[in-house]
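Structure data follow from entry-v2.cif (mmCIF, C-alpha atoms (C1' of nucleotides)):
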```
data_start
#
loop_
_atom_site.label_atom_id
_atom_site.label_comp_id
_atom_site.auth_asym_id
_atom_site.auth_seq_id
_atom_site.Cartn_x
_atom_site.Cartn_y
_atom_site.Cartn_z
CA MET A 1 -26.14 -26.64 -27.12
CA PRO A 2 -26.33 -29.47 -24.58
CA ASP A 3 -26.39 -28.45 -20.96
CA ARG A 4 -22.97 -29.87 -20.26
CA ASP A 5 -21.41 -27.77 -23.00
CA ARG A 6 -23.01 -24.64 -21.64
CA ARG A 7 -21.81 -25.55 -18.22
CA ALA A 8 -18.28 -26.04 -19.53
CA ALA A 9 -18.50 -22.67 -21.26
CA LEU A 10 -19.52 -21.03 -17.99
CA ASP A 11 -16.69 -22.80 -16.16
CA ALA A 12 -14.35 -21.43 -18.82
CA ALA A 13 -15.72 -17.96 -18.08
CA ILE A 14 -14.85 -18.42 -14.41
CA GLU A 15 -11.38 -19.54 -15.34
CA LEU A 16 -10.91 -16.61 -17.71
CA THR A 17 -11.87 -14.23 -14.93
CA TYR A 18 -9.28 -15.71 -12.64
CA PHE A 19 -6.42 -15.76 -15.14
CA GLY A 20 -7.51 -12.47 -16.68
CA TYR A 21 -7.26 -10.69 -13.35
CA ARG A 22 -3.80 -12.13 -12.84
CA GLY A 23 -2.78 -10.88 -16.26
CA PHE A 24 -4.21 -7.48 -15.43
CA VAL A 25 -2.17 -6.91 -12.26
CA ALA A 26 1.06 -8.64 -13.27
CA MET A 27 2.85 -5.70 -14.88
CA PRO A 28 2.04 -2.97 -12.32
CA ASP A 29 2.91 -5.37 -9.51
CA ARG A 30 6.45 -5.68 -10.82
CA LEU A 31 6.88 -1.89 -11.00
CA LEU A 32 5.36 -1.38 -7.55
CA GLY A 33 7.56 -4.03 -6.02
CA GLU A 34 10.67 -2.10 -7.02
CA ARG A 35 9.53 0.80 -4.81
CA GLY A 36 8.38 -1.19 -1.83
CA LEU A 37 4.72 -0.46 -2.63
CA GLY A 38 1.85 -2.87 -3.13
CA ARG A 39 -1.47 -3.16 -4.88
CA ALA A 40 -3.15 -1.27 -2.04
CA HIS A 41 -1.03 1.80 -2.81
CA HIS A 42 -1.80 1.52 -6.52
CA ARG A 43 -5.54 1.43 -5.89
CA ILE A 44 -5.30 4.60 -3.80
CA LEU A 45 -3.18 6.37 -6.40
CA PHE A 46 -5.56 5.37 -9.18
CA PHE A 47 -8.72 6.59 -7.49
CA VAL A 48 -7.15 9.76 -6.13
CA ALA A 49 -6.11 10.52 -9.71
CA ARG A 50 -9.58 9.87 -11.09
CA LEU A 51 -11.85 11.29 -8.40
CA ASP A 52 -11.00 15.03 -8.44
CA ARG A 53 -9.75 15.88 -4.97
CA PRO A 54 -11.60 13.13 -3.13
CA THR A 55 -11.96 13.05 0.63
CA VAL A 56 -10.49 10.24 2.68
CA GLY A 57 -14.01 8.92 3.24
CA GLU A 58 -14.74 8.83 -0.48
CA ILE A 59 -11.65 6.73 -1.14
CA GLN A 60 -12.59 4.51 1.76
CA ARG A 61 -16.10 3.91 0.44
CA THR A 62 -14.83 3.41 -3.11
CA LEU A 63 -12.35 0.74 -2.06
CA ALA A 64 -14.78 -0.73 0.48
CA VAL A 65 -12.18 -0.95 3.24
CA THR A 66 -11.99 0.30 6.80
CA LYS A 67 -10.26 3.55 7.63
CA GLN A 68 -7.56 1.58 9.44
CA ALA A 69 -6.87 -0.43 6.29
CA LEU A 70 -6.59 2.82 4.34
CA ALA A 71 -4.47 4.68 6.90
CA GLY A 72 -1.37 2.51 6.52
CA PRO A 73 -0.86 2.69 2.74
CA LEU A 74 -2.00 6.33 2.74
CA ARG A 75 0.64 7.19 5.32
CA ASP A 76 3.27 5.50 3.17
CA LEU A 77 2.19 7.55 0.17
CA LYS A 78 2.28 10.80 2.15
CA ARG A 79 5.72 10.00 3.55
CA GLN A 80 7.05 9.30 0.07
CA GLY A 81 5.60 12.62 -1.07
CA LEU A 82 3.25 11.05 -3.59
CA VAL A 83 -0.06 12.19 -2.10
CA ALA A 84 -0.91 15.61 -0.63
CA TRP A 85 -3.86 16.52 1.53
CA THR A 86 -5.48 19.89 2.16
CA SER A 87 -8.40 20.83 4.37
CA ASP A 88 -11.69 21.40 2.66
CA GLU A 89 -12.62 25.11 2.40
CA ARG A 90 -16.13 24.68 3.69
CA ASP A 91 -15.65 21.92 6.26
CA ALA A 92 -12.32 21.96 8.04
CA ARG A 93 -12.82 18.40 9.29
CA VAL A 94 -12.58 17.07 5.74
CA ARG A 95 -9.21 16.33 4.12
CA ARG A 96 -9.10 16.43 0.35
CA LEU A 97 -6.48 14.24 -1.29
CA SER A 98 -4.52 15.00 -4.41
CA LEU A 99 -1.42 13.69 -6.17
CA THR A 100 1.83 15.59 -6.05
CA ARG A 101 3.91 15.89 -9.19
CA PRO A 102 5.90 12.70 -8.43
CA GLY A 103 2.64 11.03 -7.41
CA ARG A 104 1.11 11.88 -10.77
CA ALA A 105 4.23 10.61 -12.49
CA LEU A 106 4.12 7.25 -10.73
CA GLU A 107 0.38 6.87 -11.15
CA ALA A 108 0.75 7.68 -14.83
CA ARG A 109 3.45 5.05 -15.28
CA LEU A 110 1.44 2.40 -13.46
CA SER A 111 -1.85 3.09 -15.16
CA ALA A 112 -0.16 3.54 -18.52
CA LEU A 113 0.97 -0.08 -18.29
CA GLN A 114 -2.62 -1.18 -17.88
CA ARG A 115 -4.03 1.27 -20.42
CA ARG A 116 -1.52 0.13 -23.03
CA HIS A 117 -2.30 -3.47 -22.18
CA TYR A 118 -6.01 -2.88 -22.79
CA ALA A 119 -5.34 -0.68 -25.81
CA ALA A 120 -3.36 -3.50 -27.41
CA ILE A 121 -6.00 -6.07 -26.52
CA PHE A 122 -8.87 -3.96 -27.88
CA ALA A 123 -6.89 -3.10 -31.00
CA ALA A 124 -6.29 -6.81 -31.66
CA GLY A 125 -10.05 -7.50 -31.76
CA THR A 126 -13.08 -5.95 -33.36
CA PRO A 127 -14.86 -2.88 -31.96
CA GLY A 128 -17.68 -5.26 -31.14
CA ASP A 129 -15.36 -7.27 -28.90
CA GLU A 130 -14.57 -4.20 -26.86
CA ALA A 131 -18.22 -3.15 -26.65
CA GLY A 132 -19.27 -6.64 -25.63
CA TRP A 133 -16.54 -6.86 -23.03
CA ARG A 134 -17.63 -3.54 -21.53
CA ALA A 135 -21.27 -4.55 -21.49
CA VAL A 136 -20.49 -7.77 -19.61
CA MET A 137 -18.06 -6.12 -17.21
CA ARG A 138 -20.55 -3.37 -16.40
CA ARG A 139 -23.07 -5.98 -15.33
CA LEU A 140 -20.47 -7.91 -13.37
CA ALA A 141 -19.40 -4.74 -11.59
CA ALA A 142 -22.91 -3.35 -11.12
CA GLY A 143 -23.44 -4.38 -7.54
CA GLU A 144 -20.01 -3.25 -6.40
CA LEU A 145 -20.30 0.07 -8.20
CA ALA A 146 -23.62 0.73 -6.52
CA ALA A 147 -22.22 -0.21 -3.12
CA SER A 148 -19.30 2.15 -3.67
CA GLY A 149 -21.49 5.02 -4.82
CA ARG A 150 -19.60 5.29 -8.12
CA ASP A 151 -21.17 6.33 -11.40
CA PRO A 152 -21.17 3.38 -13.77
CA PRO A 153 -18.25 3.92 -16.19
CA MET B 1 -12.20 10.29 -30.88
CA PRO B 2 -9.85 12.73 -29.15
CA ASP B 3 -6.99 11.17 -27.25
CA ARG B 4 -8.34 12.23 -23.87
CA ASP B 5 -11.62 10.43 -24.52
CA ARG B 6 -9.79 7.27 -25.48
CA ARG B 7 -7.69 7.58 -22.37
CA ALA B 8 -10.80 8.00 -20.24
CA ALA B 9 -12.30 4.94 -21.91
CA LEU B 10 -9.21 2.92 -21.06
CA ASP B 11 -9.30 4.22 -17.48
CA ALA B 12 -12.91 3.07 -17.35
CA ALA B 13 -11.77 -0.37 -18.50
CA ILE B 14 -9.30 -0.50 -15.61
CA GLU B 15 -12.04 0.50 -13.20
CA LEU B 16 -14.41 -2.11 -14.62
CA THR B 17 -11.78 -4.77 -14.10
CA TYR B 18 -11.38 -3.82 -10.48
CA PHE B 19 -15.09 -3.63 -9.64
CA GLY B 20 -15.89 -6.57 -11.88
CA TYR B 21 -13.51 -8.82 -10.00
CA ARG B 22 -15.04 -7.72 -6.72
CA GLY B 23 -18.48 -8.53 -8.08
CA PHE B 24 -17.22 -11.91 -9.23
CA VAL B 25 -15.93 -13.07 -5.85
CA ALA B 26 -18.53 -11.46 -3.58
CA MET B 27 -21.10 -14.27 -3.51
CA PRO B 28 -18.77 -17.29 -3.06
CA ASP B 29 -16.86 -15.37 -0.38
CA ARG B 30 -20.00 -15.16 1.74
CA LEU B 31 -20.66 -18.88 1.43
CA LEU B 32 -17.03 -19.78 2.14
CA GLY B 33 -16.92 -17.54 5.18
CA GLU B 34 -19.69 -19.55 6.82
CA ARG B 35 -17.44 -22.63 6.74
CA GLY B 36 -14.23 -20.99 7.85
CA LEU B 37 -12.77 -21.32 4.36
CA GLY B 38 -11.35 -18.66 2.08
CA ARG B 39 -10.73 -17.89 -1.55
CA ALA B 40 -7.58 -20.00 -1.51
CA HIS B 41 -9.67 -23.08 -0.67
CA HIS B 42 -12.16 -22.26 -3.40
CA ARG B 43 -9.43 -21.99 -6.03
CA ILE B 44 -8.12 -25.40 -5.05
CA LEU B 45 -11.58 -26.96 -5.12
CA PHE B 46 -12.32 -25.40 -8.50
CA PHE B 47 -9.18 -26.61 -10.22
CA VAL B 48 -9.23 -30.04 -8.62
CA ALA B 49 -12.76 -30.37 -9.97
CA ARG B 50 -11.78 -29.27 -13.45
CA LEU B 51 -8.37 -30.91 -13.92
CA ASP B 52 -9.16 -34.64 -13.75
CA ARG B 53 -7.17 -36.05 -10.87
CA PRO B 54 -4.43 -33.45 -10.91
CA THR B 55 -1.17 -33.87 -9.02
CA VAL B 56 -0.21 -31.49 -6.25
CA GLY B 57 2.40 -29.99 -8.55
CA GLU B 58 -0.14 -29.33 -11.30
CA ILE B 59 -2.36 -27.40 -8.89
CA GLN B 60 0.66 -25.52 -7.66
CA ARG B 61 1.72 -24.49 -11.16
CA THR B 62 -1.84 -23.62 -12.12
CA LEU B 63 -2.29 -21.31 -9.16
CA ALA B 64 1.30 -20.00 -9.43
CA VAL B 65 1.99 -20.36 -5.72
CA THR B 66 4.68 -22.09 -3.69
CA LYS B 67 4.09 -25.55 -2.29
CA GLN B 68 4.08 -24.06 1.21
CA ALA B 69 1.27 -21.69 0.25
CA LEU B 70 -0.67 -24.64 -1.12
CA ALA B 71 0.01 -26.99 1.78
CA GLY B 72 -2.00 -25.04 4.37
CA PRO B 73 -5.34 -24.75 2.56
CA LEU B 74 -4.90 -28.24 1.12
CA ARG B 75 -4.43 -29.67 4.61
CA ASP B 76 -7.61 -27.88 5.73
CA LEU B 77 -9.52 -29.41 2.84
CA LYS B 78 -8.21 -32.89 3.60
CA ARG B 79 -9.05 -32.55 7.27
CA GLN B 80 -12.59 -31.48 6.42
CA GLY B 81 -12.87 -34.51 4.14
CA LEU B 82 -13.41 -32.44 1.01
CA VAL B 83 -10.32 -33.52 -0.93
CA ALA B 84 -8.85 -37.01 -1.22
CA TRP B 85 -5.44 -38.01 -2.48
CA THR B 86 -4.23 -41.29 -3.87
CA SER B 87 -0.80 -42.29 -5.07
CA ASP B 88 -0.27 -42.41 -8.79
CA GLU B 89 -0.17 -45.95 -10.20
CA ARG B 90 2.94 -45.42 -12.24
CA ASP B 91 4.91 -43.10 -10.00
CA ALA B 92 4.42 -43.63 -6.30
CA ARG B 93 5.95 -40.24 -5.49
CA VAL B 94 3.04 -38.48 -7.13
CA ARG B 95 -0.21 -37.76 -5.26
CA ARG B 96 -3.31 -37.38 -7.37
CA LEU B 97 -6.03 -35.18 -5.89
CA SER B 98 -9.75 -35.63 -6.23
CA LEU B 99 -12.89 -34.33 -4.60
CA THR B 100 -14.85 -36.46 -2.18
CA ARG B 101 -18.62 -36.48 -2.37
CA PRO B 102 -18.99 -33.60 0.11
CA GLY B 103 -16.14 -31.83 -1.68
CA ARG B 104 -17.98 -32.12 -4.99
CA ALA B 105 -21.12 -30.85 -3.32
CA LEU B 106 -19.42 -27.76 -1.91
CA GLU B 107 -17.53 -27.05 -5.11
CA ALA B 108 -20.74 -27.37 -7.07
CA ARG B 109 -22.52 -24.91 -4.79
CA LEU B 110 -19.71 -22.38 -4.96
CA SER B 111 -19.17 -22.57 -8.68
CA ALA B 112 -22.90 -22.68 -9.34
CA LEU B 113 -23.13 -19.23 -7.80
CA GLN B 114 -20.60 -17.92 -10.27
CA ARG B 115 -21.96 -19.88 -13.23
CA ARG B 116 -25.45 -18.56 -12.58
CA HIS B 117 -24.06 -15.07 -12.21
CA TYR B 118 -22.38 -15.29 -15.60
CA ALA B 119 -25.36 -17.07 -17.14
CA ALA B 120 -27.62 -14.20 -16.08
CA ILE B 121 -25.14 -11.59 -17.30
CA PHE B 122 -24.69 -13.28 -20.69
CA ALA B 123 -28.42 -13.80 -21.04
CA ALA B 124 -29.03 -10.11 -20.43
CA GLY B 125 -26.85 -9.13 -23.40
CA THR B 126 -26.43 -10.22 -26.98
CA PRO B 127 -24.47 -13.33 -28.03
CA GLY B 128 -21.96 -10.86 -29.47
CA ASP B 129 -21.41 -9.39 -26.02
CA GLU B 130 -20.46 -12.77 -24.65
CA ALA B 131 -18.21 -13.56 -27.60
CA GLY B 132 -16.52 -10.17 -27.35
CA TRP B 133 -16.04 -10.55 -23.62
CA ARG B 134 -14.44 -13.96 -24.10
CA ALA B 135 -12.16 -12.69 -26.85
CA VAL B 136 -10.89 -9.85 -24.68
CA MET B 137 -10.51 -12.00 -21.57
CA ARG B 138 -8.60 -14.66 -23.49
CA ARG B 139 -6.06 -12.05 -24.52
CA LEU B 140 -5.89 -10.60 -21.02
CA ALA B 141 -5.32 -14.07 -19.59
CA ALA B 142 -2.97 -15.26 -22.32
CA GLY B 143 0.30 -14.67 -20.49
CA GLU B 144 -0.91 -16.22 -17.25
CA LEU B 145 -2.41 -19.22 -19.00
CA ALA B 146 0.87 -19.84 -20.78
CA ALA B 147 2.82 -19.49 -17.54
CA SER B 148 0.48 -21.96 -15.87
CA GLY B 149 0.67 -24.47 -18.67
CA ARG B 150 -3.12 -24.46 -19.12
CA ASP B 151 -4.88 -24.90 -22.43
CA PRO B 152 -6.60 -21.65 -23.39
CA PRO B 153 -10.30 -22.06 -22.56
"C1'" DC C 1 23.97 -50.24 -7.91
"C1'" DA C 2 25.27 -45.69 -6.12
"C1'" DG C 3 24.05 -41.21 -6.49
"C1'" DA C 4 21.35 -37.54 -8.50
"C1'" DA C 5 16.91 -35.88 -9.43
"C1'" DT C 6 12.00 -35.48 -8.56
"C1'" DA C 7 7.42 -35.16 -5.85
"C1'" DG C 8 5.89 -33.95 -1.89
"C1'" DG C 9 5.61 -32.56 3.20
"C1'" DT C 10 6.90 -29.68 7.06
"C1'" DC C 11 8.89 -26.14 10.26
"C1'" DA C 12 10.20 -21.38 10.92
"C1'" DA C 13 10.39 -16.61 10.21
"C1'" DT C 14 8.59 -12.81 7.72
"C1'" DC C 15 5.58 -9.82 5.02
"C1'" DT C 16 1.32 -7.47 3.16
"C1'" DC C 17 -3.09 -6.44 3.77
"C1'" DC C 18 -7.03 -6.43 5.89
"C1'" DC C 19 -10.06 -6.82 10.10
"C1'" DT C 20 -12.40 -5.40 14.92
"C1'" DG C 21 -12.40 -2.54 18.87
"C1'" DA C 22 -11.22 1.34 21.44
"C1'" DC C 23 -10.03 5.92 22.02
"C1'" DC C 24 -8.54 10.55 20.53
"C1'" DT C 25 -8.90 15.50 18.27
"C1'" DA C 26 -11.09 18.91 15.61
"C1'" DT C 27 -15.02 20.68 13.71
"C1'" DT C 28 -19.85 21.33 12.63
"C1'" DC C 29 -24.71 20.75 13.44
"C1'" DT C 30 -28.85 21.06 16.47
"C1'" DA D 1 -23.90 22.77 25.45
"C1'" DG D 2 -24.00 18.42 23.53
"C1'" DA D 3 -24.38 15.25 19.67
"C1'" DA D 4 -22.72 13.98 15.34
"C1'" DT D 5 -19.23 13.76 11.79
"C1'" DA D 6 -14.41 13.35 9.58
"C1'" DG D 7 -10.38 11.70 10.42
"C1'" DG D 8 -6.23 9.66 12.92
"C1'" DT D 9 -4.02 6.23 15.78
"C1'" DC D 10 -2.94 2.25 18.78
"C1'" DA D 11 -3.49 -2.69 19.92
"C1'" DG D 12 -4.29 -7.30 18.59
"C1'" DG D 13 -5.23 -10.66 15.26
"C1'" DG D 14 -5.90 -13.53 11.12
"C1'" DA D 15 -5.47 -15.01 6.19
"C1'" DG D 16 -2.50 -15.77 2.72
"C1'" DA D 17 1.59 -15.52 0.66
"C1'" DT D 18 6.78 -15.47 0.66
"C1'" DT D 19 11.89 -17.50 1.23
"C1'" DG D 20 14.87 -20.88 3.17
"C1'" DA D 21 16.04 -25.15 5.13
"C1'" DC D 22 15.46 -29.82 5.86
"C1'" DC D 23 13.06 -34.33 5.56
"C1'" DT D 24 11.14 -38.87 3.29
"C1'" DA D 25 10.03 -41.71 -0.67
"C1'" DT D 26 10.65 -42.93 -5.06
"C1'" DT D 27 12.51 -42.99 -9.68
"C1'" DC D 28 15.94 -42.15 -13.05
"C1'" DT D 29 20.68 -42.45 -14.74
"C1'" DG D 30 25.70 -43.14 -15.46
#
```
Could you write out this structure as structure tokens?
Amino acid sequence: MPDRDRRAALDAAIELTYFGYRGFVAMPDRLLGERGLGRAHHRILFFVARLDRPTVGEIQRTLAVTKQALAGPLRDLKRQGLVAWTSDERDARVRRLSLTRPGRALEARLSALQRRHYAAIFAAGTPGDEAGWRAVMRRLAAGELAASGRDPP
Amino acid sequence: MPDRDRRAALDAAIELTYFGYRGFVAMPDRLLGERGLGRAHHRILFFVARLDRPTVGEIQRTLAVTKQALAGPLRDLKRQGLVAWTSDERDARVRRLSLTRPGRALEARLSALQRRHYAAIFAAGTPGDEAGWRAVMRRLAAGELAASGRDPP
DNA sequence: CAGAATAGGTCAATCTCCCTGACCTATTCT
DNA sequence: AGAATAGGTCAGGGAGATTGACCTATTCTG
């Protein structure tokens, strides 16, 4: 393949990343907008749901934001009764976050939109497509995962 | 595979999308920051470079933003001498955008970072990985591409 | 040819989301 | 006792996007 074709193929990959991300967030954004919440709230809900009673600091490191950037959306979620926090048994300074029943319900609805989206996309291709996609995405995410201290999914 | 494993695999796909996107924008963001530019400017540079003398309206539809949201960054780019505009020959209302020499140089540097990133990632896997990744991303991007009036890459 | 439609620019107010910096409490470690 | 850690909060600011209104040029149409 001539260089210019390979270059065009790599440009297409950049473009796919951009439009793909937009496609990924479009549906949850609509649902969130109805409740006066944003993407920041969704990210918190998602990782609180996945991380098994994470501390505030764990969420902060995972999202790579400052505690001030976290405090606002987190306060919204507490006020709406979607997130609960309890003091850690061993270290009373540490707050462990969890989802309330309505919090779980909303998180489930939001993430279900994205899971179904991916389920449909993977089902429309071959198993190799999904495996290849995951292999590429793992490499793309590698640096950020390491910086966040997450286990590679 | 039990349902809960498939669900966890789909959750992992969501997580990969989030961290993957962060990995994708990390390097250009650093370079842009040094010049007082942001991601919005990069998106404009990228699509002006790829779209062959696009009009302002074409860029606006491609990025799915309002003309006011476009005007600010576009003015910055004009003032820094990175983007030039000329009136269309046939319709004098229409402005066609193009990159100046320094604009092409900056765009090339920024996009080269992302092209090399993808080139390294694709080279580290099998050709099937790349093909699978593209197949999945095309489906993920499909709705947004259609809404933007772009040809699927 | 008059009037509507289109392409684009601009001003203003507002919003989300994130940032830095400073300061505070409570708790635990040394 | 004093330092370090986890977390919360206030102040100020900036980037990027929104809606709404209004403006100029230019082209299309009845």
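Distance annotation: of C:DT25, C:DA4, C:DG9, C:DC17, the residue with the minimal separation from DA17 in chain D is C:DC17; atom set is all atoms listed in the file.
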(request) Given the file shown, determine the residues that the PyMOL selection byres ((chain C) within 7 of (chain A)) selects; report them as a list in words. (result) DC18, DA26 and DT27 of chain C
(message) Taking (-5.0, 3.8, -7.4) in the coordinates of the supplied file, I want to know which residues reach to within 12 Å of it, counting all atoms listed in the file; could you give the answer as a PyMOL selection string?
(response) (chain A and resi 28+32+37-51+59-60+62-63+70+73-74+77+82-83+98-99+103-104+106-111+114) or (chain B and resi 11+14-15+18)
(request) Tell me the residues of chain D close to chain A, meaning within 10 Å using all atoms listed in the file, as a ChimeraX atom specification. (result) /D:5-9
Proximity of chain B to chain A: per-residue shortest pair, 8 Å limit, all atoms listed in the file, as a tab-separated table:
```
residue	atom	partner	partner_atom	distance
B:Arg7	CA	A:Arg115	CA	7.6
B:Leu10	CA	A:Arg115	CA	5.5
B:Asp11	CA	A:Arg115	CA	6.7
B:Ala12	CA	A:Pro153	CA	5.5
B:Ala13	CA	A:Arg134	CA	7.3
B:Ile14	CA	A:Gln114	CA	7.1
B:Glu15	CA	A:Pro153	CA	7.7
B:Leu16	CA	A:Met137	CA	6.0
B:Thr17	CA	A:Met137	CA	7.1
B:Phe19	CA	A:Ala141	CA	4.9
B:Gly20	CA	A:Ala141	CA	4.0
B:Tyr21	CA	A:Tyr21	CA	7.3
B:Arg22	CA	A:Glu144	CA	6.7
B:Gly23	CA	A:Ala141	CA	5.2
B:Phe24	CA	A:Leu140	CA	6.6
B:Ser111	CA	A:Asp11	CA	7.9
B:Gln114	CA	A:Ile14	CA	7.1
B:Arg115	CA	A:Leu10	CA	5.5
B:Tyr118	CA	A:Leu10	CA	6.8
B:Ala119	CA	A:Leu10	CA	7.1
B:Ile121	CA	A:Arg139	CA	6.3
B:Phe122	CA	A:Val136	CA	7.0
B:Gly125	CA	A:Ala135	CA	7.5
B:Gly128	CA	A:Gly132	CA	6.3
B:Asp129	CA	A:Gly132	CA	3.5
B:Glu130	CA	A:Gly132	CA	6.3
B:Ala131	CA	A:Asp129	CA	7.0
B:Gly132	CA	A:Asp129	CA	3.5
B:Trp133	CA	A:Trp133	CA	3.8
B:Arg134	CA	A:Ala13	CA	7.3
B:Ala135	CA	A:Asp129	CA	6.6
B:Val136	CA	A:Ile121	CA	6.4
B:Met137	CA	A:Gly20	CA	5.8
B:Arg138	CA	A:Leu16	CA	6.5
B:Arg139	CA	A:Ile121	CA	6.3
B:Leu140	CA	A:Gly20	CA	5.0
B:Ala141	CA	A:Gly20	CA	4.0
B:Ala142	CA	A:Gly23	CA	7.5
B:Gly143	CA	A:Gly23	CA	6.5
B:Glu144	CA	A:Gly23	CA	5.7
B:Leu145	CA	A:Phe19	CA	6.6
B:Pro153	CA	A:Ala12	CA	5.5
```
Coordinates of box centre and edge lengths for range 137-149 of chain A, 6 Å on every side, axis-aligned, as JSON:
```
{"center_x": -20.8, "center_y": -1.4, "center_z": -10.2, "size_x": 17.6, "size_y": 24.9, "size_z": 26.1}
```
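Between CA of Arg75 in chain B and CA of Arg90 in chain B there is a distance of 24.2 Å.
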(request) List the neighbours of DC23 in chain D out to 12 Å using only C-alpha atoms (C1' of nucleotides); skip same-chain residues closer than 4 positions along the sequence, and give me the result as a ChimeraX atom specification. (result) /C:8-11
(request) Between CA of Ala123 in chain A and CA of Pro2 in chain B, measure the distance and give it in Å to one decimal. (result) 16.2 Å
(request) Go ahead and compute the interatomic distance for CA of Glu89 in chain B and CA of Glu58 in chain B, in Å to one decimal. (result) 16.7 Å
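Minimum atom-to-atom distance to Ser87 in chain B, evaluated using all atoms listed in the file, belongs to C:DA7 out of C:DA7, C:DA12, C:DA2, C:DC19.
Distances here use all atoms listed in the file; by that measure, the residue among C:DT6, C:DT14, C:DT20, C:DT30 closest to DA1 in chain D is C:DT30.
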(request) Compute the distance from (21.5, -40.8, -9.9) to each atom, counting all atoms listed in the file, keep the residues with any atom at most 9 Å away, and return them as a PyMOL selection string; use the coordinates of the file. (result) (chain C and resi 2-5) or (chain D and resi 28-30)
